[in-house]
Amino acid sequence: MSSTTPAPAPSGLARLRRTPFWVQIVAGLVLGVVLGFVARQNDVSWLTTTLDTVGKTFVQLLKLAVPPLVFTAIVVSIANLRNVTNAARLAARTLLWFGITSLIAVSIGLAIGLVTDPGHGTNLSTSGLKAPQGTGSWVDFLTGIIPTNIADAFLKVNVLQIVFLAVVAGAAILKAGEKAAPVLKLNESLLELVQTALWWVIRLAPLGTLGLIGKSVAEYGWDLLRPLATFTADIYLGCALVLFVVYSLLLRFVGGLNPLRFFQGAWPAIQLAFVSRSSVGTLPVTRRVAERLGVPSEYASFAVPFGATTKMDGCAAIYPSIAAIFVAQVYGIHLGIGDYLLIAFVSVIGSAATAGLTGAIVMLTLTLSTLGLPLEGVGLLLAIDPILDMMRTATNVAGQVVVPILVSAREKTLDLVAYNAPSAELYAVAGAVQQREDEVAVAA
């Protein structure tokens, strides 16, 4: 007669790993808002400091991976173009759609700014404001692409220069062929290593969410947002229109696809982008969701890394267009048709200046300086920039997935079966080995 011993209950850590990642993110968001509110209402300085430390640590861990991730991802993606049929045409169409969607986004931003007049009635004092020390200009943008020192490009995390070096290295590997195979293999190994380590950091996103949101609520609250309420609402409205309306229409009528399937598959990347405020930090997730939505791996490895550094509908199109109107109205400066056309030009051509890092200050200063508007106006918006940047980055990342899908659909290379049935849990693949180990441990 045999007796069966009931399996022990799963440990708390095992149950946590089985909880859908989006649930963990939402839980961190809600808890962060509650703790931030408690810290603000009761002036609990130690709680504010703790939330700030948790949030900063998470962002710093993401930034730590930026230089090696950008360099190796772009080197590998360019070198692997030899495996892609019609690579030149794919690259041209990708850049074309980057430009088209950016133009649509900046048009929406200008329309919202003109209708709502976000700078009127703000009663904000501009006295004592100083122009930011680092400002964007076309000369700096063009000359700054080429580094004077390779080490400085990585040590100072100048993403635009890192992109330039990676493009040159990838093209050289492509040209050298088999002779450069060991170098390509090294970059592929480094990319795999960095992405593996970054996945560990991404798993900490619920804690990062708690800290970042909690710090924002504790420090800013509604008192700071009140005079900038219209401007804040404009940014969120513009991003929402692009994210949920424009992208959906493009997917439906240009790609012939169901937009709901896109959001089902891409939501983990959009969600992480909202929390981390970093397109580059979200890159491994962005690439994975693009592939699970049916974009061929070889093409995704090229389009997504380039999109993470140059495709910025939120930071480089919607935000600077509304912000330029806001600053002009605060300072009582009239903008004409030529100025609005110039804003559109700067947004479409200069988006690479944002370079996928947290924040869009470089793009804003580039726009203001091109229009001849006071750069001191940047100081009016710095305090609420983290709140705005969450929605901007989510829009950026969504666009970085939409464009490869559109191009693949029009090229008839999109896997429609994968697109229409994206896997339920993106992070299950990344954590499959660990989950099996947990199950074995529980069973034992």
# chains A, B, ... in the order shown; residues from 1 in each chain; ligands from 1
>>> residues_around(residues="Arg252 in chain A", least_positions_apart="6", cutoff="12 Å", atoms="only C-alpha atoms", output="ChimeraX atom specification")
/A:244-246,258-262,402,405-406,409
>>> residues_around(residues="Ser102 in chain A", least_positions_apart="5", cutoff="8 Å", atoms="only C-alpha atoms", output="list in words")
Lys311, Met312, Asp313, Ala317, Ser347 and Val348 of chain A
>>> write_last_selection(atoms="all heavy atoms", output="short mmCIF file (atom, residue, chain, number, x, y, z; two decimals), in the first residue's frame")
data_model
loop_
_atom_site.label_atom_id
_atom_site.label_comp_id
_atom_site.auth_asym_id
_atom_site.auth_seq_id
_atom_site.Cartn_x
_atom_site.Cartn_y
_atom_site.Cartn_z
N LYS A 311 14.00 57.07 -33.15
CA LYS A 311 12.55 57.12 -33.36
C LYS A 311 11.88 57.60 -32.09
O LYS A 311 11.66 56.84 -31.17
CB LYS A 311 12.04 55.72 -33.74
CG LYS A 311 10.53 55.61 -33.87
CD LYS A 311 10.00 56.51 -34.93
CE LYS A 311 8.49 56.33 -35.07
NZ LYS A 311 7.90 57.41 -35.84
N MET A 312 11.58 58.92 -32.02
CA MET A 312 11.11 59.54 -30.78
C MET A 312 9.86 60.38 -31.01
O MET A 312 9.92 61.61 -30.98
CB MET A 312 12.22 60.42 -30.19
CG MET A 312 13.52 59.70 -29.93
SD MET A 312 13.40 58.62 -28.50
CE MET A 312 14.78 57.53 -28.83
N ASP A 313 8.72 59.76 -31.28
CA ASP A 313 7.51 60.54 -31.53
C ASP A 313 7.06 61.32 -30.30
O ASP A 313 6.50 62.41 -30.44
CB ASP A 313 6.38 59.60 -31.98
CG ASP A 313 6.58 59.11 -33.40
OD1 ASP A 313 7.41 59.71 -34.12
OD2 ASP A 313 5.93 58.13 -33.80
N ALA A 317 8.80 64.94 -31.07
CA ALA A 317 7.77 65.48 -31.94
C ALA A 317 6.68 66.18 -31.13
O ALA A 317 6.49 67.39 -31.24
CB ALA A 317 7.17 64.37 -32.81
N SER A 347 11.72 68.65 -35.66
CA SER A 347 11.25 67.42 -35.02
C SER A 347 11.53 66.19 -35.86
O SER A 347 11.91 65.15 -35.33
CB SER A 347 9.75 67.53 -34.74
OG SER A 347 9.47 68.59 -33.86
N VAL A 348 11.34 66.31 -37.17
CA VAL A 348 11.53 65.15 -38.04
C VAL A 348 13.02 64.86 -38.26
O VAL A 348 13.46 63.71 -38.20
CB VAL A 348 10.83 65.37 -39.40
CG1 VAL A 348 11.15 64.23 -40.36
CG2 VAL A 348 9.32 65.46 -39.20
#
>>> atom_distance(atom1="CA of Leu69 in chain A", atom2="CA of Val84 in chain A")
21.7 Å
>>> residues_around(residues="Ile318 in chain A", least_positions_apart="2", cutoff="9 Å", atoms="only C-alpha atoms", output="list in words")
Ser102, Ala105, Val106, Ser107, Ile108, Gly109, Leu110, Ile235, Gly238, Cys239, Val242, Asp313, Gly314, Cys315, Ala316, Pro320, Ser321, Ile322, Ala323, Ser347 and Arg392 of chain A
>>> closest_residue(among="A:Ala421, A:Leu371, A:Leu366, A:Leu243", to="Ile337 in chain A", atoms="only C-alpha atoms")
A:Leu371
>>> closest_residue(among="A:Pro305, A:Gly32, A:Gly377, A:Gly99", to="Val397 in chain A", atoms="only C-alpha atoms")
A:Pro305
>>> closest_residue(among="A:Val59, A:Leu293, A:Ala171, A:Ile333", to="Leu184 in chain A", atoms="only C-alpha atoms")
A:Ala171
>>> closest_residue(among="A:Gln329, A:Ser189, A:Thr282, A:Thr101", to="Ala344 in chain A", atoms="only C-alpha atoms")
A:Thr101
>>> residues_around(residues="Gln271 in chain A", least_positions_apart="5", cutoff="9 Å", atoms="only C-alpha atoms", output="list in words")
Trp22, Ile25, Ala266, Ser276 and Ala394 of chain A
